[in-house]
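Q: Handing over upload_26.tsv, TSV, C-alpha atoms and all ligand atoms.
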chain	number	residue	atom	x	y	z
A	1	MET	CA	135.26	94.78	168.69
A	2	PRO	CA	135.01	97.31	165.88
A	3	ILE	CA	132.50	95.27	163.96
A	4	ARG	CA	129.10	94.95	165.48
A	5	SER	CA	126.89	91.93	165.20
A	6	ASN	CA	123.21	91.49	165.86
A	7	HIS	CA	123.31	87.90	164.89
A	8	GLU	CA	122.04	85.51	167.57
A	9	PRO	CA	122.62	81.80	167.09
A	10	THR	CA	119.64	79.67	166.13
A	11	SER	CA	119.22	75.98	166.82
A	12	SER	CA	119.84	75.20	163.15
A	13	GLU	CA	123.38	76.50	163.56
A	14	ILE	CA	124.41	73.93	166.12
A	15	THR	CA	127.25	71.76	164.92
A	16	PRO	CA	126.60	68.12	165.70
A	17	GLU	CA	129.50	66.72	167.69
A	18	THR	CA	129.93	63.13	166.63
A	19	LEU	CA	132.83	62.31	168.89
A	20	TYR	CA	132.56	61.84	172.59
A	21	VAL	CA	135.62	61.03	174.63
A	22	ASP	CA	135.04	60.91	178.34
A	23	ARG	CA	137.89	61.80	180.63
A	24	ARG	CA	138.50	58.27	181.88
A	25	THR	CA	138.54	56.83	178.38
A	26	PHE	CA	140.90	59.59	177.30
A	27	LEU	CA	143.24	59.05	180.23
A	28	ALA	CA	143.26	55.29	179.81
A	29	ALA	CA	143.87	55.62	176.11
A	30	ALA	CA	146.56	58.21	176.57
A	31	GLY	CA	148.27	56.11	179.24
A	32	ALA	CA	148.16	53.02	177.11
A	33	ILE	CA	149.47	54.52	173.93
A	34	GLY	CA	151.58	57.36	175.28
A	35	ALA	CA	152.42	59.80	172.54
A	36	GLY	CA	149.53	58.39	170.54
A	37	ALA	CA	147.05	60.02	172.88
A	38	VAL	CA	146.06	62.38	170.14
A	39	ALA	CA	144.81	59.44	168.16
A	40	ALA	CA	142.21	58.93	170.84
A	41	LEU	CA	141.28	62.58	170.69
A	42	GLY	CA	141.13	62.37	166.95
A	43	GLY	CA	138.84	59.41	167.12
A	44	MET	CA	140.24	55.88	167.28
A	45	PRO	CA	136.98	54.01	167.00
A	46	SER	CA	137.82	51.40	169.60
A	47	LEU	CA	138.60	54.03	172.20
A	48	VAL	CA	135.63	56.34	171.93
A	49	ALA	CA	132.06	55.82	172.85
A	50	ALA	CA	129.91	55.93	169.78
A	51	GLN	CA	126.94	57.57	171.39
A	52	GLN	CA	126.94	60.84	173.25
A	53	PRO	CA	124.83	62.07	176.11
A	54	GLN	CA	122.03	64.37	175.07
A	55	GLU	CA	123.51	67.38	176.79
A	56	PRO	CA	127.24	67.42	177.51
A	57	GLN	CA	127.91	67.53	181.22
A	58	ALA	CA	130.07	70.30	182.63
A	59	VAL	CA	133.06	68.62	184.25
A	60	GLY	CA	135.88	70.23	186.14
A	61	LYS	CA	137.09	72.03	189.20
A	62	PRO	CA	135.43	75.42	189.66
A	63	TYR	CA	137.86	78.34	189.63
A	64	GLY	CA	136.76	81.73	190.91
A	65	LEU	CA	133.06	81.04	190.38
A	66	GLN	CA	130.55	83.25	192.17
A	67	PRO	CA	127.61	81.68	194.03
A	68	ASP	CA	125.19	82.41	191.19
A	69	ASP	CA	127.51	81.22	188.39
A	70	LYS	CA	126.51	78.14	186.47
A	71	PRO	CA	128.02	76.73	183.30
A	72	THR	CA	126.73	78.33	180.11
A	73	PRO	CA	124.91	75.69	178.01
A	74	TRP	CA	127.00	73.78	175.47
A	75	GLU	CA	124.84	75.13	172.67
A	76	ASP	CA	125.74	78.73	173.48
A	77	VAL	CA	129.42	77.96	174.13
A	78	THR	CA	129.71	76.37	170.68
A	79	THR	CA	127.52	78.63	168.54
A	80	TYR	CA	128.08	82.12	169.96
A	81	ASN	CA	131.73	82.68	169.09
A	82	ASN	CA	134.29	85.25	168.07
A	83	PHE	CA	136.76	83.74	165.59
A	84	TYR	CA	137.25	86.32	162.85
A	85	GLU	CA	139.22	83.91	160.68
A	86	PHE	CA	135.84	82.27	160.06
A	87	GLY	CA	133.65	85.39	159.87
A	88	THR	CA	132.63	88.31	162.03
A	89	ASP	CA	129.11	87.26	163.05
A	90	LYS	CA	128.74	85.22	166.23
A	91	GLY	CA	127.19	82.34	164.29
A	92	ASP	CA	129.81	82.31	161.51
A	93	PRO	CA	132.56	80.23	163.16
A	94	SER	CA	130.32	77.24	163.92
A	95	GLN	CA	129.11	77.31	160.32
A	96	ASN	CA	132.34	78.07	158.49
A	97	ALA	CA	134.88	76.10	160.55
A	98	LYS	CA	133.21	72.73	160.07
A	99	ASN	CA	135.87	71.41	157.69
A	100	PHE	CA	138.85	73.11	159.28
A	101	LYS	CA	141.69	70.57	159.39
A	102	THR	CA	143.38	70.38	162.79
A	103	ARG	CA	145.49	67.24	162.35
A	104	PRO	CA	148.38	66.96	162.01
A	105	TRP	CA	149.16	70.10	164.01
A	106	THR	CA	152.58	71.45	164.91
A	107	VAL	CA	153.26	74.09	167.54
A	108	ARG	CA	156.65	75.77	167.39
A	109	VAL	CA	158.04	76.96	170.72
A	110	ASP	CA	161.08	79.13	170.15
A	111	GLY	CA	162.71	82.50	170.69
A	112	LEU	CA	164.66	83.20	173.87
A	113	VAL	CA	164.65	79.64	175.17
A	114	ASN	CA	167.29	76.97	175.70
A	115	LYS	CA	165.12	74.26	174.22
A	116	PRO	CA	163.29	75.42	171.11
A	117	ALA	CA	161.15	72.64	169.65
A	118	ASP	CA	158.42	71.72	167.24
A	119	TYR	CA	155.73	69.92	169.17
A	120	GLN	CA	153.05	67.72	167.76
A	121	LEU	CA	149.87	68.20	169.72
A	122	GLU	CA	150.22	64.81	171.39
A	123	ASP	CA	153.72	65.63	172.64
A	124	PHE	CA	152.37	67.79	175.41
A	125	LEU	CA	149.01	66.16	175.97
A	126	LYS	CA	150.42	64.11	178.81
A	127	PRO	CA	147.47	62.68	180.73
A	128	SER	CA	149.01	63.53	184.07
A	129	VAL	CA	148.77	67.25	183.35
A	130	VAL	CA	145.49	67.52	181.43
A	131	GLU	CA	142.93	69.16	183.72
A	132	ASP	CA	139.26	70.10	183.63
A	133	ARG	CA	138.62	73.60	184.97
A	134	ILE	CA	135.47	75.70	185.00
A	135	TYR	CA	136.28	79.38	184.41
A	136	ARG	CA	134.37	82.61	184.05
A	137	HIS	CA	134.78	84.16	180.58
A	138	ARG	CA	134.33	87.88	179.91
A	139	CYS	CA	134.38	89.25	176.38
A	140	VAL	CA	135.43	92.87	175.82
A	141	GLU	CA	132.04	93.35	174.13
A	142	ALA	CA	130.45	93.15	177.63
A	143	TRP	CA	128.96	89.67	177.43
A	144	SER	CA	130.08	86.76	179.55
A	145	MET	CA	129.85	83.00	179.99
A	146	VAL	CA	131.00	80.26	182.36
A	147	ILE	CA	132.93	77.59	180.46
A	148	PRO	CA	134.23	74.15	181.46
A	149	TRP	CA	137.61	73.86	179.75
A	150	ARG	CA	140.02	70.97	179.42
A	151	GLY	CA	143.70	71.81	179.04
A	152	ILE	CA	147.20	72.03	180.38
A	153	PRO	CA	148.76	74.88	182.35
A	154	LEU	CA	150.63	77.19	179.97
A	155	ALA	CA	153.38	77.41	182.62
A	156	ASP	CA	154.20	73.70	182.06
A	157	MET	CA	154.71	74.29	178.37
A	158	ILE	CA	156.93	77.30	179.00
A	159	ARG	CA	158.96	75.55	181.68
A	160	ARG	CA	159.71	72.76	179.23
A	161	ALA	CA	161.19	75.26	176.76
A	162	GLU	CA	163.48	76.72	179.45
A	163	PRO	CA	163.25	80.50	178.86
A	164	ASN	CA	166.65	82.19	179.13
A	165	SER	CA	167.33	85.26	181.27
A	166	LYS	CA	166.53	87.70	178.43
A	167	ALA	CA	162.97	86.40	177.95
A	168	LYS	CA	160.41	88.92	179.23
A	169	PHE	CA	157.33	88.35	177.05
A	170	VAL	CA	155.53	85.57	175.21
A	171	GLU	CA	154.06	86.01	171.73
A	172	PHE	CA	151.35	83.69	170.39
A	173	THR	CA	150.43	83.26	166.73
A	174	THR	CA	147.37	81.70	165.08
A	175	LEU	CA	147.60	79.57	161.94
A	176	MET	CA	147.87	81.59	158.72
A	177	ASP	CA	145.95	79.64	156.09
A	178	PRO	CA	143.68	81.87	153.99
A	179	LYS	CA	142.52	78.84	151.98
A	180	GLN	CA	140.95	77.33	155.06
A	181	MET	CA	140.25	80.53	156.94
A	182	PRO	CA	138.18	82.84	154.74
A	183	GLY	CA	138.47	85.76	157.16
A	184	GLU	CA	142.20	85.89	156.50
A	185	ARG	CA	141.40	86.89	152.93
A	186	SER	CA	139.75	90.05	154.24
A	187	GLY	CA	141.32	93.11	155.82
A	188	VAL	CA	139.24	93.01	158.98
A	189	LEU	CA	142.33	92.37	161.17
A	190	PRO	CA	146.10	92.24	160.57
A	191	TRP	CA	146.75	88.53	159.97
A	192	PRO	CA	147.84	86.20	161.34
A	193	TYR	CA	146.10	86.91	164.66
A	194	THR	CA	148.74	87.45	167.32
A	195	GLU	CA	148.62	87.95	171.06
A	196	GLY	CA	151.10	88.55	173.85
A	197	LEU	CA	151.65	88.26	177.57
A	198	ARG	CA	154.33	89.29	179.98
A	199	LEU	CA	156.30	86.19	181.00
A	200	ASP	CA	155.00	86.26	184.58
A	201	GLU	CA	151.40	86.45	183.30
A	202	ALA	CA	152.04	83.46	181.05
A	203	GLN	CA	153.40	81.58	184.05
A	204	ASN	CA	150.39	82.37	186.24
A	205	PRO	CA	148.76	79.08	187.26
A	206	LEU	CA	145.39	80.23	185.84
A	207	ALA	CA	146.71	80.51	182.27
A	208	LEU	CA	145.53	77.42	180.41
A	209	LEU	CA	146.23	75.95	176.97
A	210	ALA	CA	142.86	74.41	176.20
A	211	VAL	CA	142.35	71.31	174.08
A	212	GLY	CA	138.75	70.62	175.05
A	213	VAL	CA	135.51	72.00	176.37
A	214	TYR	CA	132.68	70.27	178.27
A	215	GLY	CA	134.88	67.15	178.47
A	216	ARG	CA	134.95	66.93	174.70
A	217	VAL	CA	137.51	67.61	172.02
A	218	LEU	CA	137.64	71.36	171.37
A	219	PRO	CA	135.20	72.20	168.56
A	220	ASN	CA	136.82	74.04	165.66
A	221	GLN	CA	134.84	77.21	166.32
A	222	ASN	CA	136.24	77.35	169.87
A	223	GLY	CA	139.84	77.40	168.64
A	224	ALA	CA	140.81	73.81	167.87
A	225	PRO	CA	143.10	72.14	168.37
A	226	LEU	CA	144.79	74.38	170.92
A	227	ARG	CA	143.83	77.82	172.28
A	228	LEU	CA	144.74	79.99	175.19
A	229	VAL	CA	142.37	80.68	178.10
A	230	LEU	CA	143.08	83.65	180.40
A	231	PRO	CA	140.04	84.11	182.63
A	232	TRP	CA	141.13	87.43	184.20
A	233	LYS	CA	141.54	89.13	180.82
A	234	TYR	CA	139.07	90.09	178.11
A	235	GLY	CA	138.35	87.16	175.80
A	236	PHE	CA	140.32	88.45	172.81
A	237	LYS	CA	143.59	87.69	174.63
A	238	SER	CA	142.59	84.01	174.53
A	239	ILE	CA	144.02	83.36	171.07
A	240	LYS	CA	142.75	80.36	169.09
A	241	SER	CA	144.34	77.69	166.87
A	242	ILE	CA	147.90	78.45	168.03
A	243	VAL	CA	150.87	77.41	165.88
A	244	ARG	CA	153.67	79.35	167.53
A	245	ILE	CA	154.70	80.37	171.04
A	246	ARG	CA	157.73	82.66	170.98
A	247	LEU	CA	159.63	84.04	173.97
A	248	THR	CA	160.87	87.59	173.37
A	249	ASP	CA	162.53	90.52	175.13
A	250	ALA	CA	160.16	93.12	173.65
A	251	MET	CA	156.42	93.55	174.14
A	252	PRO	CA	154.77	91.68	171.25
A	253	LYS	CA	152.44	93.38	168.81
A	254	THR	CA	148.90	92.10	169.12
A	255	ALA	CA	146.21	91.91	166.45
A	256	TRP	CA	143.57	94.03	168.20
A	257	ASN	CA	146.07	96.58	169.46
A	258	GLN	CA	147.34	97.04	165.91
A	259	ALA	CA	143.77	97.35	164.64
A	260	ALA	CA	142.69	99.97	167.23
A	261	ALA	CA	145.35	100.91	169.80
A	262	ASN	CA	143.11	103.34	171.67
A	263	GLU	CA	140.48	100.63	172.23
A	264	TYR	CA	142.47	97.46	172.92
A	265	GLY	CA	145.54	97.72	175.14
A	266	PHE	CA	148.25	95.15	175.69
A	267	TYR	CA	147.11	94.11	179.18
A	268	SER	CA	143.35	93.99	178.65
A	269	ASN	CA	142.66	92.91	182.20
A	270	VAL	CA	138.95	92.87	182.98
A	271	ASN	CA	138.40	96.15	184.80
A	272	PRO	CA	134.91	97.54	185.53
A	273	THR	CA	136.36	100.99	186.32
A	274	VAL	CA	138.02	101.53	182.92
A	275	ASP	CA	135.47	101.84	180.14
A	276	HIS	CA	136.01	100.95	176.52
A	277	PRO	CA	135.97	104.25	174.56
A	278	ARG	CA	132.64	103.23	173.02
A	279	TRP	CA	130.88	101.45	175.90
A	280	SER	CA	130.89	100.86	179.64
A	281	GLN	CA	132.66	97.86	181.15
A	282	ALA	CA	130.91	98.23	184.53
A	283	THR	CA	128.28	95.61	183.71
A	284	GLU	CA	127.93	92.61	181.45
A	285	ARG	CA	125.26	90.43	179.91
A	286	ARG	CA	125.64	86.80	180.87
A	287	ILE	CA	124.64	84.80	177.80
A	288	GLY	CA	121.25	83.24	178.55
A	289	GLU	CA	120.28	85.82	181.20
A	290	PHE	CA	118.08	88.87	180.93
A	291	PHE	CA	119.34	91.14	183.70
A	292	LYS	CA	122.82	92.57	183.54
A	293	ARG	CA	125.45	91.60	186.08
A	294	LYS	CA	128.12	93.74	187.67
A	295	THR	CA	131.54	93.11	186.20
A	296	LEU	CA	134.17	92.10	188.75
A	297	MET	CA	137.75	93.37	188.91
A	298	PHE	CA	139.99	90.89	187.07
A	299	ASN	CA	136.75	89.04	186.30
A	300	GLY	CA	136.69	87.71	189.88
A	301	TYR	CA	140.29	86.44	189.88
A	302	ALA	CA	141.92	89.34	191.80
A	303	GLU	CA	143.22	87.07	194.53
A	304	GLN	CA	145.22	85.05	192.01
A	305	VAL	CA	146.43	87.82	189.69
A	306	ALA	CA	146.29	91.30	191.29
A	307	SER	CA	149.83	91.08	192.71
A	308	MET	CA	151.25	90.90	189.16
A	309	TYR	CA	150.07	94.48	188.58
A	310	THR	CA	151.04	96.08	191.90
A	311	GLY	CA	152.17	99.67	191.36
A	312	MET	CA	150.92	99.83	187.78
A	313	ASP	CA	148.46	102.48	186.62
A	314	LEU	CA	145.76	100.23	185.21
A	315	ARG	CA	144.04	103.17	183.54
A	316	LYS	CA	147.17	103.79	181.51
A	317	ASN	CA	148.05	100.13	181.13
A	318	PHE	CA	144.56	99.09	180.05
B	1	LIG	N1	141.54	84.01	168.31
B	1	LIG	C1	141.64	84.15	166.98
B	1	LIG	N2	142.66	83.55	166.32
B	1	LIG	N3	140.75	84.89	166.26
B	1	LIG	C2	139.70	85.55	166.87
B	1	LIG	O1	138.93	86.23	166.19
B	1	LIG	N4	138.58	86.05	169.00
B	1	LIG	C3	138.82	86.31	170.43
B	1	LIG	C4	139.38	85.07	171.14
B	1	LIG	N5	140.40	84.43	170.33
B	1	LIG	C5	139.57	85.42	168.29
B	1	LIG	C6	140.52	84.61	168.98
B	1	LIG	C7	137.66	86.80	171.15
B	1	LIG	S1	137.19	88.40	170.83
B	1	LIG	C8	137.01	86.05	172.10
B	1	LIG	S2	135.77	86.72	173.07
B	1	LIG	C9	137.32	84.62	172.30
B	1	LIG	O2	138.32	84.16	171.38
B	1	LIG	C10	136.07	83.82	172.07
B	1	LIG	O3	136.27	82.47	172.41
B	1	LIG	P1	135.02	81.49	172.33
B	1	LIG	O4	134.46	81.56	170.97
B	1	LIG	O5	135.55	80.11	172.67
B	1	LIG	O6	134.04	81.96	173.37
Turn the structure described in the file into structure tokens.

A:
Amino acid sequence: MPIRSNHEPTSSEITPETLYVDRRTFLAAAGAIGAGAVAALGGMPSLVAAQQPQEPQAVGKPYGLQPDDKPTPWEDVTTYNNFYEFGTDKGDPSQNAKNFKTRPWTVRVDGLVNKPADYQLEDFLKPSVVEDRIYRHRCVEAWSMVIPWRGIPLADMIRRAEPNSKAKFVEFTTLMDPKQMPGERSGVLPWPYTEGLRLDEAQNPLALLAVGVYGRVLPNQNGAPLRLVLPWKYGFKSIKSIVRIRLTDAMPKTAWNQAAANEYGFYSNVNPTVDHPRWSQATERRIGEFFKRKTLMFNGYAEQVASMYTGMDLRKNF
């Protein structure tokens, strides 16, 4: 990212998480009250355990993990963040997003679809499709984590909207609310933050719309209430606090590409053989580790995603 940060999180920056909803409680609650599932996520007192375990437990099915991968501690996942709407230092989001209001929350799904709709968060939080998945996460700044997400496949959401035959791309937009998001009052990026995918990428089974992490409600600094997770791409494609998903026939403009087109391409697939103009992408620093690791093609997800890019020059389409 153009702006450098030397800020490392300290223990005083950790946001206390007062709500703990375990998966069974969530599922039972969601099943019992249907569309009111979000109420459980938001904290219906009778449905949530008051106390929380000392250290949140990583839950979920491992996807593409390497033998020496283990989940990055909760503390790092929730205090070492990029979320420029809340500041450019890694510790800023956990400090500045504490009072960010994420309910009620509407997501508009529109564009080249047969069924455009405004969804309330709970509309698509159907318990049968909410999954826990542990993914590798590689930031373009050459650091990485392993994160246990909770979410729904993006493909389900798109299928529901019924894209028409002209739809080729998907554009995502973050909330524009400079009153709540101080970063949006600065010129550090073109706001609102936008991202884009080709339709087939958005339909890849790995693409997740996350609503939680470590079995808990997504903390604000991690992109509450709804953010994208694309483990084979650099982290900046995983747009946070999404309010709109629009199907289009043209390649969407994206925030980082507009800010620095020579540094941040549309595809942004993790690729150790194509360096960032200002640093190497061949290795990465796993948060919490001293020695660098080798970066893997598509961040270790080649088997699941490489066929989408067959015949493409990935040096040109970086
Ligand atoms: N989404 C928005 N709206 N604003 C941002 O600044 N930062 C991106 C991405 N999504 C960002 C965003 C970057 S650079 C990364 S690495 C990931 O979010 C970080 O996600 P995390 O804080 O959950 O690790």

Q: What are the closest atom pairs, with distances in Å to one decimal, for all residues of segment 52-149 of chain A lying within 10 Å of segment 299-311 of chain A? Consider only C-alpha atoms, order rows by chain and residue number, and present the result as a Markdown table.

A:
| residue | atom | partner | partner_atom | distance |
| --- | --- | --- | --- | --- |
| A:Tyr63 | CA | A:Tyr301 | CA | 8.5 |
| A:Gly64 | CA | A:Tyr301 | CA | 6.0 |
| A:Leu65 | CA | A:Gly300 | CA | 7.6 |
| A:Gln66 | CA | A:Gly300 | CA | 7.9 |
| A:Tyr135 | CA | A:Tyr301 | CA | 9.8 |
| A:Arg136 | CA | A:Asn299 | CA | 7.2 |
| A:His137 | CA | A:Asn299 | CA | 7.8 |
| A:Arg138 | CA | A:Asn299 | CA | 6.9 |
| A:Ser144 | CA | A:Asn299 | CA | 9.8 |

Q: Select the residues contacting ligand LIG 1 (chain B) at a distance of at most 6 Å, based on all atoms listed in the file, then format the selection as a ChimeraX atom specification.

A: /A:81-85,139,174,193,222,235-236,238-240

Q: What does the file look like for those residues with C-alpha atoms, as a short mmCIF file (atom, residue, chain, number, x, y, z; two decimals), in the coordinates of the input?

A:
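Contents of selection.cif, freshly written:
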data_model
loop_
_atom_site.label_atom_id
_atom_site.label_comp_id
_atom_site.auth_asym_id
_atom_site.auth_seq_id
_atom_site.Cartn_x
_atom_site.Cartn_y
_atom_site.Cartn_z
CA ASN A 81 131.73 82.68 169.09
CA ASN A 82 134.29 85.25 168.07
CA PHE A 83 136.76 83.74 165.59
CA TYR A 84 137.25 86.32 162.85
CA GLU A 85 139.22 83.91 160.68
CA CYS A 139 134.38 89.25 176.38
CA THR A 174 147.37 81.70 165.08
CA TYR A 193 146.10 86.91 164.66
CA ASN A 222 136.24 77.35 169.87
CA GLY A 235 138.35 87.16 175.80
CA PHE A 236 140.32 88.45 172.81
CA SER A 238 142.59 84.01 174.53
CA ILE A 239 144.02 83.36 171.07
CA LYS A 240 142.75 80.36 169.09
#

Q: Could you tell me how far atom CA of Phe266 of chain A lies from atom CA of Lys233 of chain A, in Å and to one decimal?

A: 10.4 Å

Q: State, in Å with one decimal place, the distance from atom CA of Asp118 of chain A to atom CA of Leu175 of chain A.

A: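 Calculated distance between atom CA of Asp118 of chain A and atom CA of Leu175 of chain A is 14.4 Å.
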
Q: Restricting the calculation to only C-alpha atoms: of A:Ala142, A:Val59, A:Ala260, A:Ile287, which residue gets closest to Arg216 of chain A?

A: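 The shortest atom-to-atom distance to Arg216 of chain A comes from A:Val59.
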
Q: Report as a PyMOL selection string all protein, DNA and RNA residues lying within 10 Å of segment 93-98 of chain A, evaluated on only C-alpha atoms, omitting residues in the same chain fewer than 2 positions from it.

A: chain A and resi 9+12-16+78-91+100-101+180-183+219-224

Q: Interatomic distance between atom CA of Ile245 of chain A and atom CA of Asp110 of chain A?

A: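 The value is 6.6 Å.
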
Q: Given all atoms listed in the file as the basis, pick out the residue of A:Met176, A:Val109, A:Leu154, A:Val213 nearest to Trp74 of chain A.

A: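 Closest residue, counting all atoms listed in the file: A:Val213.
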
Q: With a distance cut-off of 9 Å and only C-alpha atoms, select the neighbouring residues of Gln281 of chain A, excluding the residue or stretch itself and same-chain residues fewer than 6 positions from it, and output the selection as a compact mmCIF listing (two decimals) with C-alpha atoms, keeping the file's coordinate frame.

A:
# COMPACT_ATOMS: atom_id res chain seq x y z
CA VAL A 140 135.43 92.87 175.82
CA GLU A 141 132.04 93.35 174.13
CA ALA A 142 130.45 93.15 177.63
CA VAL A 270 138.95 92.87 182.98
CA ASN A 271 138.40 96.15 184.80
CA PRO A 272 134.91 97.54 185.53
CA THR A 273 136.36 100.99 186.32
CA VAL A 274 138.02 101.53 182.92
CA ASP A 275 135.47 101.84 180.14
CA LYS A 294 128.12 93.74 187.67
CA THR A 295 131.54 93.11 186.20

Q: Considering all atoms listed in the file, can you say which of A:Ala282, A:Leu197, A:Leu247, A:Ile242 comes closest to Ser268 of chain A?

A: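 Going through A:Ala282, A:Leu197, A:Leu247, A:Ile242 one by one, the smallest distance to Ser268 of chain A is for A:Leu197.
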
Q: Generate N, CA and C atoms for segment 187-211 of chain A and emit them as a PDB file, keeping the file's coordinate frame.

A:
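See out22.pdb below for the written result:
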ATOM      1  N   GLY A 187     140.442  92.199 155.086  1.00  0.00           N
ATOM      2  CA  GLY A 187     141.320  93.110 155.820  1.00  0.00           C
ATOM      3  C   GLY A 187     140.783  93.472 157.193  1.00  0.00           C
ATOM      4  N   VAL A 188     139.917  92.642 157.728  1.00  0.00           N
ATOM      5  CA  VAL A 188     139.240  93.010 158.980  1.00  0.00           C
ATOM      6  C   VAL A 188     140.207  93.105 160.164  1.00  0.00           C
ATOM      7  N   LEU A 189     141.287  92.308 160.130  1.00  0.00           N
ATOM      8  CA  LEU A 189     142.330  92.370 161.170  1.00  0.00           C
ATOM      9  C   LEU A 189     143.680  92.154 160.482  1.00  0.00           C
ATOM     10  N   PRO A 190     144.788  92.597 161.119  1.00  0.00           N
ATOM     11  CA  PRO A 190     146.100  92.240 160.570  1.00  0.00           C
ATOM     12  C   PRO A 190     146.369  90.757 160.844  1.00  0.00           C
ATOM     13  N   TRP A 191     146.548  89.981 159.815  1.00  0.00           N
ATOM     14  CA  TRP A 191     146.750  88.530 159.970  1.00  0.00           C
ATOM     15  C   TRP A 191     148.217  88.157 159.885  1.00  0.00           C
ATOM     16  N   PRO A 192     148.636  87.056 160.470  1.00  0.00           N
ATOM     17  CA  PRO A 192     147.840  86.200 161.340  1.00  0.00           C
ATOM     18  C   PRO A 192     147.558  86.879 162.684  1.00  0.00           C
ATOM     19  N   TYR A 193     146.481  86.431 163.327  1.00  0.00           N
ATOM     20  CA  TYR A 193     146.100  86.910 164.660  1.00  0.00           C
ATOM     21  C   TYR A 193     147.262  86.631 165.603  1.00  0.00           C
ATOM     22  N   THR A 194     147.682  87.649 166.331  1.00  0.00           N
ATOM     23  CA  THR A 194     148.740  87.450 167.320  1.00  0.00           C
ATOM     24  C   THR A 194     148.293  87.992 168.669  1.00  0.00           C
ATOM     25  N   GLU A 195     148.892  87.465 169.707  1.00  0.00           N
ATOM     26  CA  GLU A 195     148.620  87.950 171.060  1.00  0.00           C
ATOM     27  C   GLU A 195     149.910  87.922 171.864  1.00  0.00           C
ATOM     28  N   GLY A 196     149.900  88.526 173.042  1.00  0.00           N
ATOM     29  CA  GLY A 196     151.100  88.550 173.850  1.00  0.00           C
ATOM     30  C   GLY A 196     150.800  88.661 175.333  1.00  0.00           C
ATOM     31  N   LEU A 197     151.735  88.168 176.110  1.00  0.00           N
ATOM     32  CA  LEU A 197     151.650  88.260 177.570  1.00  0.00           C
ATOM     33  C   LEU A 197     153.031  88.594 178.108  1.00  0.00           C
ATOM     34  N   ARG A 198     153.068  89.214 179.273  1.00  0.00           N
ATOM     35  CA  ARG A 198     154.330  89.290 179.980  1.00  0.00           C
ATOM     36  C   ARG A 198     154.639  87.881 180.477  1.00  0.00           C
ATOM     37  N   LEU A 199     155.933  87.559 180.635  1.00  0.00           N
ATOM     38  CA  LEU A 199     156.300  86.190 181.000  1.00  0.00           C
ATOM     39  C   LEU A 199     155.647  85.755 182.320  1.00  0.00           C
ATOM     40  N   ASP A 200     155.603  86.666 183.299  1.00  0.00           N
ATOM     41  CA  ASP A 200     155.000  86.260 184.580  1.00  0.00           C
ATOM     42  C   ASP A 200     153.500  85.994 184.433  1.00  0.00           C
ATOM     43  N   GLU A 201     152.826  86.716 183.532  1.00  0.00           N
ATOM     44  CA  GLU A 201     151.400  86.450 183.300  1.00  0.00           C
ATOM     45  C   GLU A 201     151.228  85.060 182.668  1.00  0.00           C
ATOM     46  N   ALA A 202     152.133  84.764 181.727  1.00  0.00           N
ATOM     47  CA  ALA A 202     152.040  83.460 181.050  1.00  0.00           C
ATOM     48  C   ALA A 202     152.313  82.320 182.021  1.00  0.00           C
ATOM     49  N   GLN A 203     153.071  82.620 183.071  1.00  0.00           N
ATOM     50  CA  GLN A 203     153.400  81.580 184.050  1.00  0.00           C
ATOM     51  C   GLN A 203     152.387  81.524 185.189  1.00  0.00           C
ATOM     52  N   ASN A 204     151.407  82.418 185.187  1.00  0.00           N
ATOM     53  CA  ASN A 204     150.390  82.370 186.240  1.00  0.00           C
ATOM     54  C   ASN A 204     149.623  81.047 186.157  1.00  0.00           C
ATOM     55  N   PRO A 205     149.408  80.395 187.295  1.00  0.00           N
ATOM     56  CA  PRO A 205     148.760  79.080 187.260  1.00  0.00           C
ATOM     57  C   PRO A 205     147.374  79.065 186.610  1.00  0.00           C
ATOM     58  N   LEU A 206     146.716  80.219 186.480  1.00  0.00           N
ATOM     59  CA  LEU A 206     145.390  80.230 185.840  1.00  0.00           C
ATOM     60  C   LEU A 206     145.464  80.116 184.321  1.00  0.00           C
ATOM     61  N   ALA A 207     146.610  80.491 183.739  1.00  0.00           N
ATOM     62  CA  ALA A 207     146.710  80.510 182.270  1.00  0.00           C
ATOM     63  C   ALA A 207     146.700  79.073 181.743  1.00  0.00           C
ATOM     64  N   LEU A 208     145.748  78.794 180.876  1.00  0.00           N
ATOM     65  CA  LEU A 208     145.530  77.420 180.410  1.00  0.00           C
ATOM     66  C   LEU A 208     145.650  77.342 178.890  1.00  0.00           C
ATOM     67  N   LEU A 209     146.273  76.264 178.406  1.00  0.00           N
ATOM     68  CA  LEU A 209     146.230  75.950 176.970  1.00  0.00           C
ATOM     69  C   LEU A 209     145.141  74.910 176.812  1.00  0.00           C
ATOM     70  N   ALA A 210     144.020  75.305 176.224  1.00  0.00           N
ATOM     71  CA  ALA A 210     142.860  74.410 176.200  1.00  0.00           C
ATOM     72  C   ALA A 210     142.852  73.532 174.961  1.00  0.00           C
ATOM     73  N   VAL A 211     142.505  72.272 175.182  1.00  0.00           N
ATOM     74  CA  VAL A 211     142.350  71.310 174.080  1.00  0.00           C
ATOM     75  C   VAL A 211     140.927  70.751 174.033  1.00  0.00           C
TER      76      VAL A 211
END
